[in-house]
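Structure file structure36.csv; described as CSV, C-alpha atoms and all ligand atoms.
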chain,number,residue,atom,x,y,z
A,23,MET,CA,-22.1,14.2,25.0
A,24,LYS,CA,-20.6,14.2,28.5
A,25,ILE,CA,-17.2,15.9,28.8
A,26,SER,CA,-15.9,12.7,30.4
A,27,GLU,CA,-16.6,10.8,27.2
A,28,LEU,CA,-16.0,13.5,24.6
A,29,PHE,CA,-12.4,14.2,25.9
A,30,ASN,CA,-11.6,10.7,27.2
A,31,VAL,CA,-8.2,9.4,26.1
A,32,SER,CA,-7.7,6.9,28.9
A,33,GLY,CA,-6.1,3.6,27.9
A,34,LYS,CA,-4.6,4.9,24.7
A,35,VAL,CA,-0.9,4.7,23.8
A,36,ALA,CA,1.0,7.7,22.6
A,37,ILE,CA,4.5,8.7,21.4
A,38,VAL,CA,5.6,12.3,22.1
A,39,THR,CA,8.9,13.1,20.4
A,40,GLY,CA,11.1,15.5,22.3
A,41,GLY,CA,9.1,14.8,25.5
A,42,SER,CA,12.0,15.4,27.9
A,43,ARG,CA,11.2,19.1,28.3
A,44,GLY,CA,9.3,22.1,27.0
A,45,ILE,CA,6.2,21.7,25.0
A,46,GLY,CA,6.7,17.9,24.6
A,47,GLU,CA,6.9,17.5,28.3
A,48,MET,CA,3.7,19.5,28.7
A,49,ILE,CA,1.8,17.4,26.2
A,50,ALA,CA,3.2,14.1,27.7
A,51,ALA,CA,2.1,15.3,31.2
A,52,GLY,CA,-1.4,16.0,29.9
A,53,PHE,CA,-1.7,12.6,28.5
A,54,LEU,CA,-0.3,10.8,31.5
A,55,ALA,CA,-2.6,12.7,33.9
A,56,ASN,CA,-5.5,11.3,31.8
A,57,GLY,CA,-4.5,7.7,31.6
A,58,VAL,CA,-2.4,7.5,28.4
A,59,LYS,CA,0.7,5.4,28.3
A,60,VAL,CA,3.4,7.6,26.8
A,61,TYR,CA,6.7,6.9,25.1
A,62,ILE,CA,8.9,10.0,25.1
A,63,THR,CA,12.1,10.5,23.1
A,64,ALA,CA,15.1,12.8,23.2
A,65,ARG,CA,18.9,12.5,22.5
A,66,LYS,CA,20.1,13.3,26.1
A,67,GLU,CA,19.6,9.9,27.7
A,68,ALA,CA,20.1,10.8,31.4
A,69,ALA,CA,17.7,13.8,31.3
A,70,LEU,CA,15.1,11.7,29.4
A,71,ILE,CA,15.2,8.8,31.8
A,72,GLU,CA,14.9,11.2,34.8
A,73,LYS,CA,12.0,13.0,33.2
A,74,ALA,CA,10.2,9.7,32.4
A,75,ASN,CA,10.6,8.6,36.0
A,76,GLU,CA,9.4,11.9,37.4
A,77,LEU,CA,6.3,12.0,35.1
A,78,SER,CA,5.5,8.3,35.8
A,79,ALA,CA,5.6,8.9,39.6
A,80,LYS,CA,3.7,12.2,39.4
A,81,TYR,CA,0.8,11.0,37.3
A,82,ALA,CA,0.9,7.3,38.3
A,83,CYS,CA,0.9,6.3,34.7
A,84,GLU,CA,3.5,4.6,32.5
A,85,CYS,CA,6.0,7.0,30.8
A,86,ILE,CA,8.7,5.2,28.9
A,87,PRO,CA,11.9,6.9,27.8
A,88,VAL,CA,13.4,5.9,24.4
A,89,PRO,CA,16.7,7.8,23.7
A,90,CYS,CA,17.3,8.4,20.0
A,91,ASP,CA,18.3,11.0,17.5
A,92,LEU,CA,15.3,11.5,15.2
A,93,SER,CA,17.2,13.7,12.8
A,94,THR,CA,18.9,10.7,11.2
A,95,MET,CA,17.3,7.8,9.3
A,96,GLU,CA,19.3,5.4,11.5
A,97,GLY,CA,17.9,7.0,14.6
A,98,MET,CA,14.3,6.9,13.3
A,99,THR,CA,14.7,3.2,12.2
A,100,ASN,CA,16.1,2.2,15.6
A,101,PHE,CA,13.2,4.0,17.4
A,102,VAL,CA,10.6,2.4,15.2
A,103,ASN,CA,12.1,-1.1,15.7
A,104,PHE,CA,11.9,-0.5,19.4
A,105,ILE,CA,8.3,0.6,19.3
A,106,GLU,CA,7.3,-2.3,17.1
A,107,SER,CA,8.9,-4.7,19.6
A,108,ALA,CA,7.1,-3.1,22.5
A,109,GLU,CA,3.6,-2.4,21.1
A,110,GLU,CA,1.0,-3.8,18.7
A,111,HIS,CA,-0.6,-0.4,18.1
A,112,ILE,CA,0.0,3.2,18.7
A,113,ASP,CA,-3.0,5.6,19.0
A,114,PHE,CA,-1.3,9.0,19.0
A,115,LEU,CA,1.9,10.2,17.4
A,116,ILE,CA,2.9,13.7,18.5
A,117,ASN,CA,5.7,15.0,16.2
A,118,ASN,CA,7.0,17.6,18.6
A,119,ALA,CA,10.9,17.4,18.6
A,120,GLY,CA,12.2,20.5,16.8
A,121,ALA,CA,15.2,22.7,16.6
A,122,SER,CA,16.0,26.3,15.7
A,123,TRP,CA,19.1,28.0,14.4
A,124,GLY,CA,19.9,31.7,14.4
A,125,GLU,CA,22.7,33.4,12.5
A,126,PRO,CA,23.1,36.6,10.6
A,127,TYR,CA,21.8,36.4,7.0
A,128,ALA,CA,25.2,36.7,5.3
A,129,GLU,CA,26.7,33.9,7.4
A,130,TYR,CA,23.8,31.6,7.7
A,131,SER,CA,25.4,28.2,7.6
A,132,GLU,CA,24.5,25.0,5.7
A,133,LYS,CA,25.0,23.1,9.0
A,134,GLY,CA,22.3,25.2,10.7
A,135,TRP,CA,20.0,25.0,7.7
A,136,ASP,CA,20.3,21.2,7.5
A,137,LYS,CA,19.9,20.7,11.2
A,138,VAL,CA,16.6,22.5,11.3
A,139,MET,CA,15.2,21.0,8.1
A,140,ASP,CA,16.3,17.4,8.9
A,141,LEU,CA,14.6,17.4,12.3
A,142,ASN,CA,11.7,19.8,11.8
A,143,VAL,CA,10.5,18.6,8.4
A,144,LYS,CA,12.3,15.4,7.1
A,145,SER,CA,11.9,13.5,10.4
A,146,ILE,CA,8.2,14.3,10.6
A,147,PHE,CA,7.6,12.8,7.1
A,148,TYR,CA,9.8,9.7,7.6
A,149,LEU,CA,8.8,9.0,11.2
A,150,THR,CA,5.1,9.1,10.4
A,151,GLN,CA,5.7,7.0,7.2
A,152,LYS,CA,7.6,4.4,9.2
A,153,LEU,CA,5.0,4.3,12.0
A,154,THR,CA,1.9,4.3,9.7
A,155,PRO,CA,1.6,0.5,9.9
A,156,ILE,CA,1.5,0.5,13.7
A,157,LEU,CA,-0.9,3.5,13.7
A,158,LYS,CA,-3.2,1.5,11.5
A,159,THR,CA,-3.3,-1.7,13.5
A,160,LYS,CA,-6.5,-0.9,15.5
A,161,ALA,CA,-7.6,2.3,13.7
A,162,SER,CA,-11.2,2.3,12.5
A,163,ILE,CA,-13.7,4.8,11.3
A,164,ASP,CA,-15.1,5.2,14.8
A,165,ASN,CA,-11.7,5.0,16.5
A,166,PRO,CA,-9.1,6.8,14.3
A,167,SER,CA,-5.5,7.1,15.3
A,168,ARG,CA,-4.0,10.6,15.4
A,169,VAL,CA,-0.9,12.4,14.3
A,170,VAL,CA,-0.3,15.9,15.7
A,171,ASN,CA,2.6,17.9,14.2
A,172,ILE,CA,4.0,20.8,16.2
A,173,GLY,CA,4.5,23.7,13.8
A,174,SER,CA,4.8,27.3,14.9
A,175,ILE,CA,3.4,30.7,14.4
A,176,ASP,CA,6.8,31.4,12.8
A,177,GLY,CA,5.4,29.3,9.9
A,178,LEU,CA,2.4,31.6,9.7
A,179,ASN,CA,4.0,35.0,10.3
A,180,VAL,CA,7.5,36.2,9.2
A,181,PRO,CA,9.7,35.7,12.3
A,182,ALA,CA,11.5,38.7,13.8
A,183,LEU,CA,14.7,36.7,14.6
A,184,GLU,CA,17.4,35.7,12.1
A,185,SER,CA,16.2,32.1,12.1
A,186,TYR,CA,15.8,31.8,8.4
A,187,ALA,CA,15.5,28.0,8.2
A,188,TYR,CA,13.1,27.8,11.2
A,189,GLY,CA,10.2,29.8,9.8
A,190,ALA,CA,10.5,28.1,6.4
A,191,SER,CA,10.6,24.7,8.1
A,192,LYS,CA,7.5,25.4,10.1
A,193,ALA,CA,5.6,26.6,7.1
A,194,ALA,CA,6.6,23.3,5.5
A,195,VAL,CA,5.3,21.4,8.6
A,196,HIS,CA,1.9,23.1,8.2
A,197,HIS,CA,1.7,22.2,4.5
A,198,LEU,CA,3.1,18.7,5.1
A,199,THR,CA,0.3,18.3,7.7
A,200,ARG,CA,-2.3,18.8,5.0
A,201,VAL,CA,-0.5,16.5,2.5
A,202,GLN,CA,-0.3,13.8,5.2
A,203,ALA,CA,-3.9,14.3,6.2
A,204,LYS,CA,-5.1,13.8,2.7
A,205,LYS,CA,-3.0,10.6,2.3
A,206,LEU,CA,-3.9,9.1,5.7
A,207,VAL,CA,-7.5,10.0,6.4
A,208,GLY,CA,-8.6,7.0,4.3
A,209,GLU,CA,-6.5,4.8,6.6
A,210,ASN,CA,-8.4,6.2,9.6
A,211,ILE,CA,-5.3,8.2,10.7
A,212,LEU,CA,-6.2,11.9,11.3
A,213,VAL,CA,-3.4,14.4,10.9
A,214,ASN,CA,-3.5,17.9,12.3
A,215,ALA,CA,-1.0,20.5,13.4
A,216,ILE,CA,-0.7,22.9,16.4
A,217,ALA,CA,1.1,26.2,15.7
A,218,PRO,CA,2.3,27.3,19.1
A,219,GLY,CA,3.1,30.9,20.0
A,220,PRO,CA,5.4,31.6,22.9
A,221,TYR,CA,5.7,28.8,25.5
A,222,GLU,CA,8.4,28.6,28.2
A,223,SER,CA,11.1,26.3,27.0
A,224,MET,CA,14.8,25.9,26.4
A,225,MET,CA,14.3,26.9,22.7
A,226,LEU,CA,12.4,30.2,23.4
A,227,GLY,CA,14.2,30.8,26.7
A,228,ALA,CA,17.6,30.9,25.0
A,229,ALA,CA,16.4,33.5,22.5
A,230,VAL,CA,15.1,35.8,25.3
A,231,ASN,CA,17.5,35.1,28.1
A,232,HIS,CA,14.7,33.4,30.0
A,233,ASP,CA,13.0,36.8,30.5
A,234,TYR,CA,9.5,36.4,29.1
A,235,SER,CA,8.1,39.7,30.4
A,236,LEU,CA,8.4,41.6,27.1
A,237,ILE,CA,6.8,38.8,25.2
A,238,GLU,CA,4.0,38.6,27.8
A,239,SER,CA,3.4,42.3,27.6
A,240,ARG,CA,3.0,42.2,23.8
A,241,ASN,CA,0.7,39.1,23.8
A,242,PRO,CA,-3.0,39.8,23.5
A,243,ARG,CA,-3.6,37.5,26.5
A,244,LYS,CA,-0.7,39.2,28.4
A,245,ARG,CA,1.0,35.9,29.2
A,246,ILE,CA,2.9,33.1,27.6
A,247,GLY,CA,1.3,29.7,27.0
A,248,SER,CA,0.9,27.3,29.9
A,249,PRO,CA,1.0,23.5,30.0
A,250,GLU,CA,-2.8,23.4,30.2
A,251,ASP,CA,-3.1,25.4,27.0
A,252,ILE,CA,-1.1,23.1,24.9
A,253,ALA,CA,-2.0,19.8,26.6
A,254,GLY,CA,-5.7,20.7,26.4
A,255,LEU,CA,-5.5,21.3,22.6
A,256,ALA,CA,-3.5,18.1,22.1
A,257,ILE,CA,-6.1,16.1,24.1
A,258,PHE,CA,-8.9,17.7,22.1
A,259,LEU,CA,-7.3,16.7,18.8
A,260,CYS,CA,-6.7,13.1,20.0
A,261,SER,CA,-10.1,12.6,21.7
A,262,ARG,CA,-13.6,11.9,20.4
A,263,ALA,CA,-14.2,15.6,20.4
A,264,GLY,CA,-11.5,16.2,17.7
A,265,ALA,CA,-12.5,13.2,15.5
A,266,TYR,CA,-13.9,15.4,12.7
A,267,THR,CA,-10.9,17.8,12.6
A,268,VAL,CA,-8.6,16.8,9.8
A,269,GLY,CA,-5.7,18.7,8.1
A,270,ALA,CA,-6.1,21.7,10.4
A,271,VAL,CA,-3.4,24.0,11.6
A,272,ILE,CA,-4.5,25.5,14.9
A,273,PRO,CA,-2.6,28.3,16.5
A,274,SER,CA,-2.1,28.2,20.3
A,275,ASP,CA,-0.7,31.7,20.8
A,276,GLY,CA,-2.9,33.9,22.9
A,277,GLY,CA,-4.3,35.5,19.8
A,278,LEU,CA,-1.1,36.7,18.1
A,279,VAL,CA,-2.1,35.4,14.7
A,280,GLY,CA,-5.9,35.6,15.1
A,281,THR,CA,-6.2,39.2,16.2
A,282,ALA,CA,-5.5,41.9,13.7
A,283,GLY,CA,-3.3,44.9,14.4
A,284,HIS,CA,-0.8,43.4,16.8
A,285,ASP,CA,2.8,44.2,16.1
A,286,LEU,CA,4.5,40.8,15.6
A,287,SER,CA,7.8,42.2,14.8
A,288,GLN,CA,9.2,41.7,18.3
A,289,ILE,CA,7.8,38.2,19.0
B,301,LIG,N1,8.6,27.1,23.0
B,301,LIG,C1,8.0,27.8,22.1
B,301,LIG,O1,7.7,29.0,22.3
B,301,LIG,C2,7.6,27.2,20.7
B,301,LIG,C3,6.9,28.1,19.9
B,301,LIG,C4,6.5,27.6,18.6
B,301,LIG,C5,6.8,26.3,18.3
B,301,LIG,N2,7.6,25.5,19.1
B,301,LIG,C6,7.9,24.1,18.7
B,301,LIG,O2,7.6,23.2,19.7
B,301,LIG,C7,8.4,22.1,19.7
B,301,LIG,C8,9.1,21.9,21.0
B,301,LIG,O3,9.9,23.0,21.3
B,301,LIG,P1,10.4,23.5,22.7
B,301,LIG,O4,10.3,24.9,22.7
B,301,LIG,O5,9.7,22.7,23.8
B,301,LIG,O6,11.9,23.0,22.6
B,301,LIG,P2,13.0,22.5,23.6
B,301,LIG,O7,12.7,22.9,25.0
B,301,LIG,O8,14.3,22.8,23.0
B,301,LIG,O9,12.7,20.9,23.5
B,301,LIG,C9,13.0,20.2,22.4
B,301,LIG,C10,12.8,18.7,22.6
B,301,LIG,O10,13.2,18.0,21.4
B,301,LIG,C11,14.3,17.1,21.7
B,301,LIG,N3,15.1,17.0,20.6
B,301,LIG,C12,15.9,17.9,20.0
B,301,LIG,N4,16.6,17.5,18.9
B,301,LIG,C13,16.3,16.1,18.8
B,301,LIG,C14,16.7,15.1,18.0
B,301,LIG,N5,17.5,15.3,17.0
B,301,LIG,N6,16.1,13.9,18.1
B,301,LIG,C15,15.3,13.6,19.2
B,301,LIG,N7,14.8,14.6,20.0
B,301,LIG,C16,15.3,15.8,19.9
B,301,LIG,C17,15.0,17.7,22.9
B,301,LIG,O11,15.8,16.8,23.7
B,301,LIG,P3,17.4,16.6,23.4
B,301,LIG,O12,18.0,17.9,23.3
B,301,LIG,O13,17.9,15.8,24.6
B,301,LIG,O14,17.4,15.8,22.1
B,301,LIG,C18,13.8,18.2,23.7
B,301,LIG,O15,13.1,17.1,24.4
B,301,LIG,C19,9.4,22.3,18.5
B,301,LIG,O16,8.9,21.7,17.3
B,301,LIG,C20,9.3,23.9,18.4
B,301,LIG,O17,9.7,24.3,17.1
B,301,LIG,C21,8.0,25.9,20.3
Structure translated into structure tokens:
Amino acid sequence: MKISELFNVSGKVAIVTGGSRGIGEMIAAGFLANGVKVYITARKEAALIEKANELSAKYACECIPVPCDLSTMEGMTNFVNFIESAEEHIDFLINNAGASWGEPYAEYSEKGWDKVMDLNVKSIFYLTQKLTPILKTKASIDNPSRVVNIGSIDGLNVPALESYAYGASKAAVHHLTRVQAKKLVGENILVNAIAPGPYESMMLGAAVNHDYSLIESRNPRKRIGSPEDIAGLAIFLCSRAGAYTVGAVIPSDGGLVGTAGHDLSQI
């Protein structure tokens, strides 16, 4: 019952997709600070390698960059081949890489729709499918592997922005999480989702010109999420403490979804 045992993740091996910045970087940092070896992915190779070097040095723990485009089957296959050549077993898969696309309703393009759906939904299904054997290698009833899908409160609420595919994709992520959880729990792989609210990132920053003050003022907690908020929840889900939580979609949003009466129309 000691915290040091309940939340211990030291010695584990994780994959964090989209770990070069934003929420993925925050979760990778939380793992590395607590002794988890972390593989991070992104398309932009130079930024990814720089981030892996920075995180490895900062936390004195191994962070390995694997450049790849996870929105294509070829990119996923190449990534899985690399992981299988490097590791016998993966303990945690954090399906975080995601994209958004905003356009007026009448002009909303197929290109944008497919970009969002391919990365946010299709790649979560196929990457998890392809990694299931390596997630199973050492998984047992007392030591289950974990998959954490990063959804969004935009999949729980109706988004304010004209990001039609995004909200639909995130609702799909939440339901896919339950479907995957049902299939994989018998293999000792526990699947859950985190539905973040506003966190500082390139994705959200671009939508608000990197001025988070309005969002902060409208949040019940009067701030945006911090690295500790998202890393702490990911560590909970991956630790002994989270080992009886299966198929859950947990908001991390300062209370936007959970508290009644807040005006979500501007979030
Ligand atoms: N920030 C928020 O407020 C917020 C709120 C709710 C949910 N979320 C979710 O949290 C996740 C992370 O978002 P973020 O805000 O941190 O976004 P971000 O700053 O844009 O980071 C996205 C990450 O994914 C990588 N990526 C994008 N496309 C990729 C592809 N095709 N293949 C491989 N990697 C790819 C990016 O690197 P490259 O560009 O180099 O590929 C980057 O590392 C997403 O699923 C997002 O929907 C974020």
* Asked: So which residues are near ligand LIG 301 (chain B), meaning at most 6 Å away with all atoms listed in the file counted, given back as a VMD selection string?
  -> chain A and resid 40 to 46 63 to 66 90 to 93 118 to 121 141 172 to 174 218 to 226
* Pick out the closest residue to Leu153 of chain A from this set: A:Ala256, A:Ala74, A:Ala128, A:Ile116. Count only C-alpha atoms. =>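 Closest to Leu153 of chain A, using only C-alpha atoms: A:Ile116.
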* Asked: When distances are computed from all atoms listed in the file, which of A:Ala193, A:Ala51, A:Val230, A:Ala69 shows the smallest separation from Leu178 of chain A?
  ->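 For Leu178 of chain A, the nearest of the candidates is A:Ala193.
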* Rounded to one decimal place, report the atom CA of Leu259 of chain A-atom CA of Ile175 of chain A distance in Å. => 18.2 Å
* To do: In Å, rounded to a single decimal, give me how far atom CA of Val207 of chain A is from atom CA of Thr154 of chain A.
  => 11.5 Å
* Å distance separating atom CA of Gly134 of chain A from atom CA of Val279 of chain A, one decimal place -> 26.7 Å
Kindly complete segment 174-186 of chain A to N, CA, C and O atoms; the output should be written as a compact mmCIF listing (two decimals), in the frame of the given file.
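result-v8.txt, written as the output of this step:
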# COMPACT_ATOMS: atom_id res chain seq x y z
N SER A 174 4.52 26.08 14.20
CA SER A 174 4.80 27.30 14.90
C SER A 174 4.15 28.48 14.27
O SER A 174 3.95 28.48 13.04
N ILE A 175 3.87 29.51 15.07
CA ILE A 175 3.40 30.70 14.40
C ILE A 175 4.44 31.35 13.55
O ILE A 175 4.13 32.15 12.67
N ASP A 176 5.71 30.94 13.73
CA ASP A 176 6.80 31.40 12.80
C ASP A 176 6.60 30.85 11.42
O ASP A 176 7.25 31.33 10.49
N GLY A 177 5.76 29.85 11.27
CA GLY A 177 5.40 29.30 9.90
C GLY A 177 4.20 29.99 9.37
O GLY A 177 3.82 29.72 8.23
N LEU A 178 3.55 30.85 10.16
CA LEU A 178 2.40 31.60 9.70
C LEU A 178 2.72 33.07 9.49
O LEU A 178 2.20 33.72 8.59
N ASN A 179 3.56 33.58 10.39
CA ASN A 179 4.00 35.00 10.30
C ASN A 179 5.52 34.95 9.87
O ASN A 179 6.17 33.91 9.93
N VAL A 180 6.03 36.09 9.52
CA VAL A 180 7.50 36.20 9.20
C VAL A 180 8.19 36.44 10.55
O VAL A 180 7.91 37.44 11.23
N PRO A 181 9.08 35.51 10.97
CA PRO A 181 9.70 35.70 12.30
C PRO A 181 10.58 36.93 12.38
O PRO A 181 11.15 37.38 11.39
N ALA A 182 10.67 37.46 13.60
CA ALA A 182 11.50 38.70 13.80
C ALA A 182 12.97 38.32 13.89
O ALA A 182 13.81 39.12 13.51
N LEU A 183 13.27 37.11 14.40
CA LEU A 183 14.70 36.70 14.60
C LEU A 183 15.30 36.25 13.31
O LEU A 183 14.61 35.90 12.35
N GLU A 184 16.64 36.20 13.31
CA GLU A 184 17.40 35.70 12.10
C GLU A 184 17.45 34.20 12.14
O GLU A 184 18.53 33.62 12.22
N SER A 185 16.30 33.58 12.05
CA SER A 185 16.20 32.10 12.10
C SER A 185 15.64 31.64 10.78
O SER A 185 14.56 31.07 10.74
N TYR A 186 16.38 31.89 9.72
CA TYR A 186 15.80 31.80 8.40
C TYR A 186 15.26 30.38 8.07
O TYR A 186 14.19 30.25 7.48
